[in-house]
Structures are given as C-alpha cells and as structure tokens.
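Written out below as structure tokens is the structure these notes cover.
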Amino acid sequence: MGRERGVLAPLSVVPNGVDLERFTLTDDDERREARRALGLVVDAPTVVCIGRLSAQKGQQVLLEAWPAVLRARPDARLVLVGSGPDEEMLRTRAEGLDGVQMVGPRSDVPTWLSAADMVVFPSQYEGAALAPMEAMAAGRSVIASWIEGIEESLPYECGAMVRPDRPEDFAEAIVRRLTEPGLADAEGVRGWRHVLATRDAAEAARRVSQLSLSLVESRPRR
C-alpha cells in the first residue's frame, strides 16, 4: 500500500506474533480433558467461535449456517465465547437452535481452543487478526472469512476461507471437517507448524528491537 501511494523509502515488515508459551499444540487427550474442565460434552463434535459479539465479527452468519450443520451432524455443538453489543440479539437467535452455547467473556481462551475440533471466525472485516493465529498455535483447524486482515495469516492448507456473506459455505466447510476429523487434525498440525516457524511473538519483538536500533544507529551524527 505504501508503494501504491508513492512511498519509495526502504521498508521492513514485521508480522504480528503469537505468545507460543500461552497458546500451545494440544492433542486428543488434552482436548477431552479441556472439555471436561469446561463442562462440555466430551464426545460431541465441538465448534468454537471466539470474539466480540458484534456485527463486525459475524456470529449471526454462523448461526444462520448452524441448521445445515445439524442436519449432517445432529450431535454437534457450537460455543460462542465473548460479549458485546449484539449479545441479546444473538441469544434470541440461538434459543431456537440445538447445540448452541453462549458462555460470555472468558479469560481461559487457550482452554476453549484446546476443547475445539475447529475454530470459526466469520468476521465481516478485520485489521490484522490475531485470533486465527492463536487457534493455529493450539493446533486447531481454522475456518474464516476470506477477507483482508485474515487471508494473509491463514495458509490454505491450515483450514478454509469462505465468503463472509455465505452461511452455506461456512456450513459446508464445518460439515466437511466434522465428517473427516483426520482432515481437521492435519490442518491443525500444519497451522501449528506455520505459526511456530513464522509468528512467534518473541521473534517479532526481537526483530522490532533490531530495527529500532538500526534506525537509531543510522541517524546522522551532529
């Protein structure tokens, strides 16, 4: 974007990073243990959506998709984690749907990621989204809106990106991974490897520090 606007100076890009000590790869046993700790049905396929309950985050699109998911997997569970201005509206919509649970704002986000079979981000727009990378750091397949702010951080082999205005596409992507759990698990491992290699917050901080020092050192001395 800078080049498009005529900025010709040298530039460096340091991508956002994830705290890899807080968000770590978890296996099937840890997934079941997380569900027990959270009071979830241990053997139920579980889809988690984490984010502010607002039009921007698109939870209403996910609720529109959910009946199609239930037709394929009646035992599936959907958990919405977060609070926000659309909470009352979303609760009203969720009342008529089986398997939907709204748990409000939580500080134990890594545990909810560990409990999930996949994590869904139906955002309508984003800046530079960190949450999908946190889900990948936990080894979870990610289904997200194909929008700027997410697409550059989610490699295609780590999940699926779909149009933000098409509930049927979200439903299809969710159902495929619920009926092919090996696919979701493989995507989760690839996502974890991607974040480990490219999105470590400690490495990002080190690069910013080095860049800052290089700028200070390059200033002309008086």
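Residues are named by chain letter and number: chains run A, B, ... in the order of the structure tokens, numbers start at 1 in each chain, and ligands are numbered from 1 in the order shown.
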Glu33 in chain A: which residues within 12 Å, counting only C-alpha atoms, same-chain residues fewer than 2 positions away excluded, as a ChimeraX atom specification?
-> /A:26-31,35-43,111-112,114-116
File dump, residues just selected, all heavy atoms, as a short mmCIF file (atom, residue, chain, number, x, y, z; two decimals), in the first residue's frame:
```cif
data_model
loop_
_atom_site.label_atom_id
_atom_site.label_comp_id
_atom_site.auth_asym_id
_atom_site.auth_seq_id
_atom_site.Cartn_x
_atom_site.Cartn_y
_atom_site.Cartn_z
N THR A 26 -2.11 -28.95 21.32
CA THR A 26 -2.75 -29.90 22.23
C THR A 26 -3.27 -31.09 21.43
O THR A 26 -3.71 -30.95 20.29
CB THR A 26 -3.91 -29.26 23.00
OG1 THR A 26 -4.79 -28.59 22.09
CG2 THR A 26 -3.39 -28.23 24.00
N ASP A 27 -3.24 -32.27 22.05
CA ASP A 27 -3.63 -33.49 21.35
C ASP A 27 -5.05 -33.91 21.75
O ASP A 27 -5.76 -33.19 22.47
CB ASP A 27 -2.64 -34.62 21.63
CG ASP A 27 -2.49 -34.93 23.13
OD1 ASP A 27 -3.41 -34.61 23.91
OD2 ASP A 27 -1.45 -35.49 23.51
N ASP A 28 -5.48 -35.10 21.30
CA ASP A 28 -6.85 -35.56 21.55
C ASP A 28 -7.14 -35.72 23.04
O ASP A 28 -8.23 -35.38 23.51
CB ASP A 28 -7.09 -36.90 20.84
CG ASP A 28 -7.29 -36.71 19.35
OD1 ASP A 28 -7.56 -35.58 18.92
OD2 ASP A 28 -7.17 -37.71 18.61
N ASP A 29 -6.18 -36.28 23.80
CA ASP A 29 -6.40 -36.45 25.23
C ASP A 29 -6.59 -35.10 25.92
O ASP A 29 -7.45 -34.95 26.80
CB ASP A 29 -5.23 -37.21 25.86
CG ASP A 29 -5.20 -38.67 25.44
OD1 ASP A 29 -6.26 -39.20 25.02
OD2 ASP A 29 -4.12 -39.29 25.53
N GLU A 30 -5.78 -34.14 25.53
CA GLU A 30 -5.89 -32.80 26.13
C GLU A 30 -7.19 -32.13 25.71
O GLU A 30 -7.77 -31.36 26.47
CB GLU A 30 -4.68 -31.96 25.73
CG GLU A 30 -3.39 -32.43 26.40
CD GLU A 30 -2.16 -31.80 25.78
OE1 GLU A 30 -2.04 -31.81 24.54
OE2 GLU A 30 -1.31 -31.28 26.54
N ARG A 31 -7.66 -32.43 24.50
CA ARG A 31 -8.94 -31.89 24.05
C ARG A 31 -10.07 -32.42 24.93
O ARG A 31 -10.95 -31.67 25.36
CB ARG A 31 -9.18 -32.27 22.59
CG ARG A 31 -10.54 -31.85 22.07
CD ARG A 31 -10.59 -31.77 20.55
NE ARG A 31 -9.77 -32.74 19.89
CZ ARG A 31 -9.24 -32.55 18.67
NH1 ARG A 31 -9.46 -31.44 18.01
NH2 ARG A 31 -8.51 -33.49 18.11
N ARG A 35 -12.52 -30.30 27.60
CA ARG A 35 -13.98 -30.33 27.58
C ARG A 35 -14.54 -30.70 28.96
O ARG A 35 -15.54 -30.13 29.39
CB ARG A 35 -14.47 -31.32 26.51
CG ARG A 35 -14.21 -30.84 25.09
CD ARG A 35 -14.66 -31.86 24.06
NE ARG A 35 -14.32 -31.42 22.71
CZ ARG A 35 -14.50 -32.14 21.62
NH1 ARG A 35 -15.01 -33.38 21.73
NH2 ARG A 35 -14.17 -31.68 20.44
N ARG A 36 -13.91 -31.62 29.60
CA ARG A 36 -14.36 -31.97 30.97
C ARG A 36 -14.24 -30.76 31.88
O ARG A 36 -15.15 -30.45 32.66
CB ARG A 36 -13.52 -33.12 31.51
CG ARG A 36 -13.77 -34.47 30.87
CD ARG A 36 -13.11 -35.59 31.66
NE ARG A 36 -13.22 -36.87 30.97
CZ ARG A 36 -12.28 -37.36 30.17
NH1 ARG A 36 -11.14 -36.69 29.99
NH2 ARG A 36 -12.46 -38.52 29.56
N ALA A 37 -13.11 -30.07 31.81
CA ALA A 37 -12.87 -28.93 32.68
C ALA A 37 -13.88 -27.81 32.42
O ALA A 37 -14.25 -27.07 33.34
CB ALA A 37 -11.45 -28.41 32.48
N LEU A 38 -14.34 -27.69 31.18
CA LEU A 38 -15.27 -26.61 30.81
C LEU A 38 -16.73 -27.03 30.92
O LEU A 38 -17.63 -26.23 30.66
CB LEU A 38 -14.98 -26.15 29.38
CG LEU A 38 -13.61 -25.50 29.17
CD1 LEU A 38 -13.34 -25.32 27.68
CD2 LEU A 38 -13.51 -24.17 29.90
N GLY A 39 -16.98 -28.28 31.30
CA GLY A 39 -18.35 -28.76 31.42
C GLY A 39 -19.03 -29.03 30.10
O GLY A 39 -20.26 -29.04 30.01
N LEU A 40 -18.24 -29.31 29.05
CA LEU A 40 -18.79 -29.62 27.74
C LEU A 40 -19.01 -31.13 27.59
O LEU A 40 -18.45 -31.93 28.35
CB LEU A 40 -17.84 -29.13 26.63
CG LEU A 40 -17.52 -27.63 26.63
CD1 LEU A 40 -16.50 -27.32 25.55
CD2 LEU A 40 -18.79 -26.81 26.42
N VAL A 41 -19.79 -31.52 26.60
CA VAL A 41 -19.99 -32.94 26.30
C VAL A 41 -18.71 -33.47 25.69
O VAL A 41 -18.28 -33.01 24.61
CB VAL A 41 -21.17 -33.13 25.34
CG1 VAL A 41 -21.35 -34.61 25.03
CG2 VAL A 41 -22.45 -32.54 25.94
N VAL A 42 -18.08 -34.41 26.34
CA VAL A 42 -16.74 -34.83 25.96
C VAL A 42 -16.69 -35.40 24.55
O VAL A 42 -15.75 -35.13 23.78
CB VAL A 42 -16.19 -35.84 26.98
CG1 VAL A 42 -14.87 -36.44 26.50
CG2 VAL A 42 -16.01 -35.18 28.33
N ASP A 43 -17.69 -36.19 24.17
CA ASP A 43 -17.64 -36.88 22.89
C ASP A 43 -18.36 -36.15 21.76
O ASP A 43 -18.45 -36.67 20.64
CB ASP A 43 -18.25 -38.28 23.04
CG ASP A 43 -17.43 -39.17 23.98
OD1 ASP A 43 -16.19 -39.07 23.92
OD2 ASP A 43 -18.03 -39.92 24.76
N THR A 111 -7.89 -22.70 26.84
CA THR A 111 -8.63 -23.92 27.16
C THR A 111 -9.78 -24.14 26.18
O THR A 111 -10.05 -25.27 25.76
CB THR A 111 -9.17 -23.86 28.61
OG1 THR A 111 -8.08 -23.58 29.50
CG2 THR A 111 -9.80 -25.19 29.00
N TRP A 112 -10.47 -23.07 25.80
CA TRP A 112 -11.54 -23.20 24.82
C TRP A 112 -11.00 -23.62 23.46
O TRP A 112 -11.64 -24.40 22.74
CB TRP A 112 -12.32 -21.89 24.72
CG TRP A 112 -13.18 -21.65 25.92
CD1 TRP A 112 -12.89 -20.87 27.00
CD2 TRP A 112 -14.44 -22.27 26.20
NE1 TRP A 112 -13.90 -20.93 27.93
CE2 TRP A 112 -14.86 -21.79 27.47
CE3 TRP A 112 -15.26 -23.16 25.52
CZ2 TRP A 112 -16.07 -22.17 28.05
CZ3 TRP A 112 -16.46 -23.55 26.09
CH2 TRP A 112 -16.85 -23.05 27.34
N SER A 114 -8.33 -25.45 23.06
CA SER A 114 -7.98 -26.86 23.24
C SER A 114 -9.20 -27.77 23.14
O SER A 114 -9.10 -28.90 22.67
CB SER A 114 -7.29 -27.07 24.59
OG SER A 114 -6.05 -26.39 24.65
N ALA A 115 -10.36 -27.26 23.57
CA ALA A 115 -11.58 -28.07 23.57
C ALA A 115 -12.20 -28.21 22.19
O ALA A 115 -13.05 -29.09 21.98
CB ALA A 115 -12.60 -27.44 24.53
N ALA A 116 -11.78 -27.41 21.24
CA ALA A 116 -12.45 -27.35 19.94
C ALA A 116 -11.94 -28.40 18.97
O ALA A 116 -10.76 -28.77 18.98
CB ALA A 116 -12.25 -25.96 19.32
#
```
Give me the residues within 12 Å of Ser141 in chain A as a ChimeraX atom specification, counting only C-alpha atoms and dropping any in the same chain fewer than 4 places off.
-> /A:25,46-48,113-114,116-121,132-137,154-161,173-174,176-178,180-192
Output N, CA and C atoms for every residue in that selection, as a CSV table (one decimal), in the first residue's frame.
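And here's out-v7.csv as it stands now:
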```csv
chain,number,residue,atom,x,y,z
A,25,LEU,N,0.3,-26.4,21.2
A,25,LEU,CA,-0.3,-27.6,20.5
A,25,LEU,C,-0.9,-28.5,21.5
A,46,THR,N,-17.2,-30.4,18.5
A,46,THR,CA,-17.3,-29.1,19.1
A,46,THR,C,-16.7,-28.0,18.2
A,47,VAL,N,-17.5,-27.0,17.8
A,47,VAL,CA,-17.0,-25.9,17.0
A,47,VAL,C,-17.0,-24.7,18.0
A,48,VAL,N,-15.9,-23.9,18.0
A,48,VAL,CA,-15.8,-22.8,18.9
A,48,VAL,C,-15.6,-21.5,18.0
A,113,LEU,N,-9.8,-23.1,23.1
A,113,LEU,CA,-9.2,-23.6,21.8
A,113,LEU,C,-8.8,-25.0,21.9
A,114,SER,N,-8.3,-25.4,23.1
A,114,SER,CA,-8.0,-26.9,23.2
A,114,SER,C,-9.2,-27.8,23.1
A,116,ALA,N,-11.8,-27.4,21.2
A,116,ALA,CA,-12.4,-27.3,19.9
A,116,ALA,C,-11.9,-28.4,19.0
A,117,ASP,N,-12.8,-28.9,18.1
A,117,ASP,CA,-12.4,-29.6,16.9
A,117,ASP,C,-11.9,-28.7,15.8
A,118,MET,N,-12.6,-27.5,15.8
A,118,MET,CA,-12.2,-26.5,14.8
A,118,MET,C,-12.6,-25.1,15.4
A,119,VAL,N,-12.0,-24.1,14.9
A,119,VAL,CA,-12.4,-22.7,15.4
A,119,VAL,C,-12.8,-21.9,14.1
A,120,VAL,N,-13.9,-21.2,14.3
A,120,VAL,CA,-14.5,-20.4,13.2
A,120,VAL,C,-14.5,-18.9,13.4
A,121,PHE,N,-14.1,-18.2,12.4
A,121,PHE,CA,-14.0,-16.7,12.5
A,121,PHE,C,-14.8,-16.1,11.3
A,132,PRO,N,-7.1,-15.9,14.7
A,132,PRO,CA,-6.9,-17.2,13.9
A,132,PRO,C,-5.5,-17.7,14.1
A,133,MET,N,-4.5,-16.9,14.3
A,133,MET,CA,-3.1,-17.4,14.6
A,133,MET,C,-3.1,-18.1,15.9
A,134,GLU,N,-3.8,-17.6,16.9
A,134,GLU,CA,-3.8,-18.2,18.2
A,134,GLU,C,-4.5,-19.6,18.1
A,135,ALA,N,-5.5,-19.7,17.3
A,135,ALA,CA,-6.1,-21.0,17.1
A,135,ALA,C,-5.2,-22.0,16.4
A,136,MET,N,-4.4,-21.5,15.5
A,136,MET,CA,-3.4,-22.3,14.8
A,136,MET,C,-2.3,-22.8,15.8
A,137,ALA,N,-1.9,-21.8,16.7
A,137,ALA,CA,-0.9,-22.2,17.6
A,137,ALA,C,-1.4,-23.3,18.6
A,154,LEU,N,-3.6,-16.9,7.1
A,154,LEU,CA,-4.1,-18.2,7.2
A,154,LEU,C,-3.8,-19.0,5.9
A,155,PRO,N,-2.7,-19.8,5.9
A,155,PRO,CA,-2.4,-20.6,4.7
A,155,PRO,C,-3.5,-21.5,4.3
A,156,TYR,N,-3.7,-21.8,3.0
A,156,TYR,CA,-4.9,-22.6,2.6
A,156,TYR,C,-4.9,-24.0,3.2
A,157,GLU,N,-3.7,-24.5,3.5
A,157,GLU,CA,-3.6,-25.9,3.9
A,157,GLU,C,-3.8,-26.0,5.4
A,158,CYS,N,-4.2,-24.9,6.1
A,158,CYS,CA,-4.4,-24.9,7.5
A,158,CYS,C,-5.9,-24.8,7.9
A,159,GLY,N,-6.7,-24.8,6.9
A,159,GLY,CA,-8.2,-24.7,7.2
A,159,GLY,C,-8.9,-24.3,5.9
A,160,ALA,N,-9.9,-23.4,6.0
A,160,ALA,CA,-10.7,-23.0,4.9
A,160,ALA,C,-11.0,-21.5,5.0
A,161,MET,N,-11.1,-20.8,3.9
A,161,MET,CA,-11.6,-19.4,3.9
A,161,MET,C,-12.8,-19.4,2.9
A,173,ALA,N,-18.0,-26.0,4.9
A,173,ALA,CA,-16.7,-26.2,5.4
A,173,ALA,C,-16.6,-26.9,6.8
A,174,ILE,N,-17.6,-26.5,7.7
A,174,ILE,CA,-17.7,-27.1,9.0
A,174,ILE,C,-18.0,-28.6,8.9
A,176,ARG,N,-17.7,-30.7,6.4
A,176,ARG,CA,-16.6,-31.5,5.9
A,176,ARG,C,-15.6,-31.9,6.9
A,177,ARG,N,-15.3,-31.0,7.8
A,177,ARG,CA,-14.3,-31.3,8.8
A,177,ARG,C,-14.8,-32.1,10.0
A,178,LEU,N,-16.1,-32.0,10.2
A,178,LEU,CA,-16.7,-32.8,11.3
A,178,LEU,C,-16.9,-34.2,10.8
A,180,GLU,N,-14.8,-35.5,8.4
A,180,GLU,CA,-13.5,-36.0,8.1
A,180,GLU,C,-12.5,-35.5,9.2
A,181,PRO,N,-12.6,-36.0,10.4
A,181,PRO,CA,-11.8,-35.4,11.5
A,181,PRO,C,-10.3,-35.5,11.2
A,182,GLY,N,-9.9,-36.5,10.4
A,182,GLY,CA,-8.5,-36.5,10.1
A,182,GLY,C,-8.0,-35.3,9.3
A,183,LEU,N,-8.9,-34.7,8.5
A,183,LEU,CA,-8.6,-33.5,7.8
A,183,LEU,C,-8.4,-32.4,8.7
A,184,ALA,N,-9.3,-32.2,9.7
A,184,ALA,CA,-9.2,-31.1,10.6
A,184,ALA,C,-7.9,-31.2,11.5
A,185,ASP,N,-7.6,-32.4,11.9
A,185,ASP,CA,-6.4,-32.6,12.7
A,185,ASP,C,-5.1,-32.3,11.9
A,186,ALA,N,-5.1,-32.8,10.6
A,186,ALA,CA,-3.9,-32.5,9.8
A,186,ALA,C,-3.8,-31.0,9.6
A,187,GLU,N,-4.9,-30.3,9.3
A,187,GLU,CA,-4.8,-28.9,9.1
A,187,GLU,C,-4.3,-28.2,10.4
A,188,GLY,N,-4.8,-28.7,11.5
A,188,GLY,CA,-4.3,-28.1,12.8
A,188,GLY,C,-2.8,-28.2,13.0
A,189,VAL,N,-2.3,-29.4,12.7
A,189,VAL,CA,-0.8,-29.6,12.9
A,189,VAL,C,-0.1,-28.7,11.9
A,190,ARG,N,-0.6,-28.5,10.7
A,190,ARG,CA,0.1,-27.7,9.7
A,190,ARG,C,0.1,-26.2,10.2
A,191,GLY,N,-1.1,-25.8,10.7
A,191,GLY,CA,-1.2,-24.5,11.3
A,191,GLY,C,-0.3,-24.2,12.4
A,192,TRP,N,-0.1,-25.2,13.3
A,192,TRP,CA,0.8,-25.0,14.4
A,192,TRP,C,2.2,-24.9,13.9
```
Polymer residues at most 7 Å from range 69-82 of chain A, only C-alpha atoms, same-chain spacing of 3 or more positions, as JSON, numbers by chain = {"A": [44, 45, 46, 47, 48, 49, 50, 51, 52, 53, 65, 66, 99, 100, 101, 102, 103, 104, 105, 106, 171, 175]}
Choose the residue, out of A:Leu63, A:Gly6, A:Ser153, A:Pro110, that has the smallest atom-to-atom separation from Val195 in chain A; count only C-alpha atoms.
->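 Under the stated criterion, the closest residue is A:Ser153.
Running DSSP on the backbone and keeping only strand (DSSP E), the residues of range 84-215 of chain A that qualify are Val100, Gln101, Met102, Val103, Gly104, Met118, Val119, Val120, Phe121, Ser141, Val142, Ile143, Ala144, Ser145, Gly159, Ala160, Met161 and Val162 of chain A.
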Can you write just those residues out, N, CA and C atoms, as a PDB file, in the first residue's frame?
```pdb
ATOM      1  N   VAL A 100     -26.310 -24.989  20.659  1.00  0.00           N
ATOM      2  CA  VAL A 100     -25.584 -23.716  20.715  1.00  0.00           C
ATOM      3  C   VAL A 100     -25.458 -23.263  22.163  1.00  0.00           C
ATOM      4  N   GLN A 101     -24.258 -22.892  22.555  1.00  0.00           N
ATOM      5  CA  GLN A 101     -23.998 -22.432  23.916  1.00  0.00           C
ATOM      6  C   GLN A 101     -23.247 -21.114  23.851  1.00  0.00           C
ATOM      7  N   MET A 102     -23.703 -20.123  24.620  1.00  0.00           N
ATOM      8  CA  MET A 102     -23.020 -18.842  24.720  1.00  0.00           C
ATOM      9  C   MET A 102     -22.483 -18.707  26.137  1.00  0.00           C
ATOM     10  N   VAL A 103     -21.172 -18.545  26.257  1.00  0.00           N
ATOM     11  CA  VAL A 103     -20.545 -18.613  27.573  1.00  0.00           C
ATOM     12  C   VAL A 103     -20.029 -17.268  28.066  1.00  0.00           C
ATOM     13  N   GLY A 104     -20.244 -16.195  27.296  1.00  0.00           N
ATOM     14  CA  GLY A 104     -19.819 -14.880  27.741  1.00  0.00           C
ATOM     15  C   GLY A 104     -18.320 -14.675  27.617  1.00  0.00           C
ATOM     16  N   MET A 118     -12.563 -27.512  15.767  1.00  0.00           N
ATOM     17  CA  MET A 118     -12.160 -26.462  14.837  1.00  0.00           C
ATOM     18  C   MET A 118     -12.630 -25.131  15.401  1.00  0.00           C
ATOM     19  N   VAL A 119     -12.043 -24.057  14.891  1.00  0.00           N
ATOM     20  CA  VAL A 119     -12.385 -22.717  15.353  1.00  0.00           C
ATOM     21  C   VAL A 119     -12.820 -21.899  14.139  1.00  0.00           C
ATOM     22  N   VAL A 120     -13.926 -21.162  14.283  1.00  0.00           N
ATOM     23  CA  VAL A 120     -14.511 -20.435  13.161  1.00  0.00           C
ATOM     24  C   VAL A 120     -14.473 -18.932  13.438  1.00  0.00           C
ATOM     25  N   PHE A 121     -14.084 -18.174  12.417  1.00  0.00           N
ATOM     26  CA  PHE A 121     -14.022 -16.714  12.500  1.00  0.00           C
ATOM     27  C   PHE A 121     -14.790 -16.135  11.312  1.00  0.00           C
ATOM     28  N   SER A 141      -7.753 -26.558  13.348  1.00  0.00           N
ATOM     29  CA  SER A 141      -8.166 -26.149  12.016  1.00  0.00           C
ATOM     30  C   SER A 141      -8.983 -24.863  12.122  1.00  0.00           C
ATOM     31  N   VAL A 142      -8.780 -23.959  11.179  1.00  0.00           N
ATOM     32  CA  VAL A 142      -9.444 -22.650  11.208  1.00  0.00           C
ATOM     33  C   VAL A 142     -10.313 -22.485   9.963  1.00  0.00           C
ATOM     34  N   ILE A 143     -11.561 -22.099  10.181  1.00  0.00           N
ATOM     35  CA  ILE A 143     -12.453 -21.706   9.099  1.00  0.00           C
ATOM     36  C   ILE A 143     -12.731 -20.222   9.286  1.00  0.00           C
ATOM     37  N   ALA A 144     -12.445 -19.440   8.266  1.00  0.00           N
ATOM     38  CA  ALA A 144     -12.534 -17.989   8.427  1.00  0.00           C
ATOM     39  C   ALA A 144     -13.056 -17.336   7.164  1.00  0.00           C
ATOM     40  N   SER A 145     -13.524 -16.105   7.338  1.00  0.00           N
ATOM     41  CA  SER A 145     -13.956 -15.306   6.204  1.00  0.00           C
ATOM     42  C   SER A 145     -12.758 -14.964   5.320  1.00  0.00           C
ATOM     43  N   GLY A 159      -6.738 -24.807   6.909  1.00  0.00           N
ATOM     44  CA  GLY A 159      -8.166 -24.664   7.165  1.00  0.00           C
ATOM     45  C   GLY A 159      -8.883 -24.266   5.893  1.00  0.00           C
ATOM     46  N   ALA A 160      -9.879 -23.389   6.021  1.00  0.00           N
ATOM     47  CA  ALA A 160     -10.656 -22.951   4.867  1.00  0.00           C
ATOM     48  C   ALA A 160     -11.034 -21.497   5.016  1.00  0.00           C
ATOM     49  N   MET A 161     -11.061 -20.782   3.903  1.00  0.00           N
ATOM     50  CA  MET A 161     -11.577 -19.421   3.868  1.00  0.00           C
ATOM     51  C   MET A 161     -12.773 -19.381   2.920  1.00  0.00           C
ATOM     52  N   VAL A 162     -13.851 -18.747   3.370  1.00  0.00           N
ATOM     53  CA  VAL A 162     -15.080 -18.697   2.584  1.00  0.00           C
ATOM     54  C   VAL A 162     -15.597 -17.266   2.558  1.00  0.00           C
TER      55      VAL A 162
END
```
Residue among A:Asp108, A:Asp98, A:Glu126, A:Glu4 lying closest to Ile150 in chain A, counting only C-alpha atoms | A:Glu126
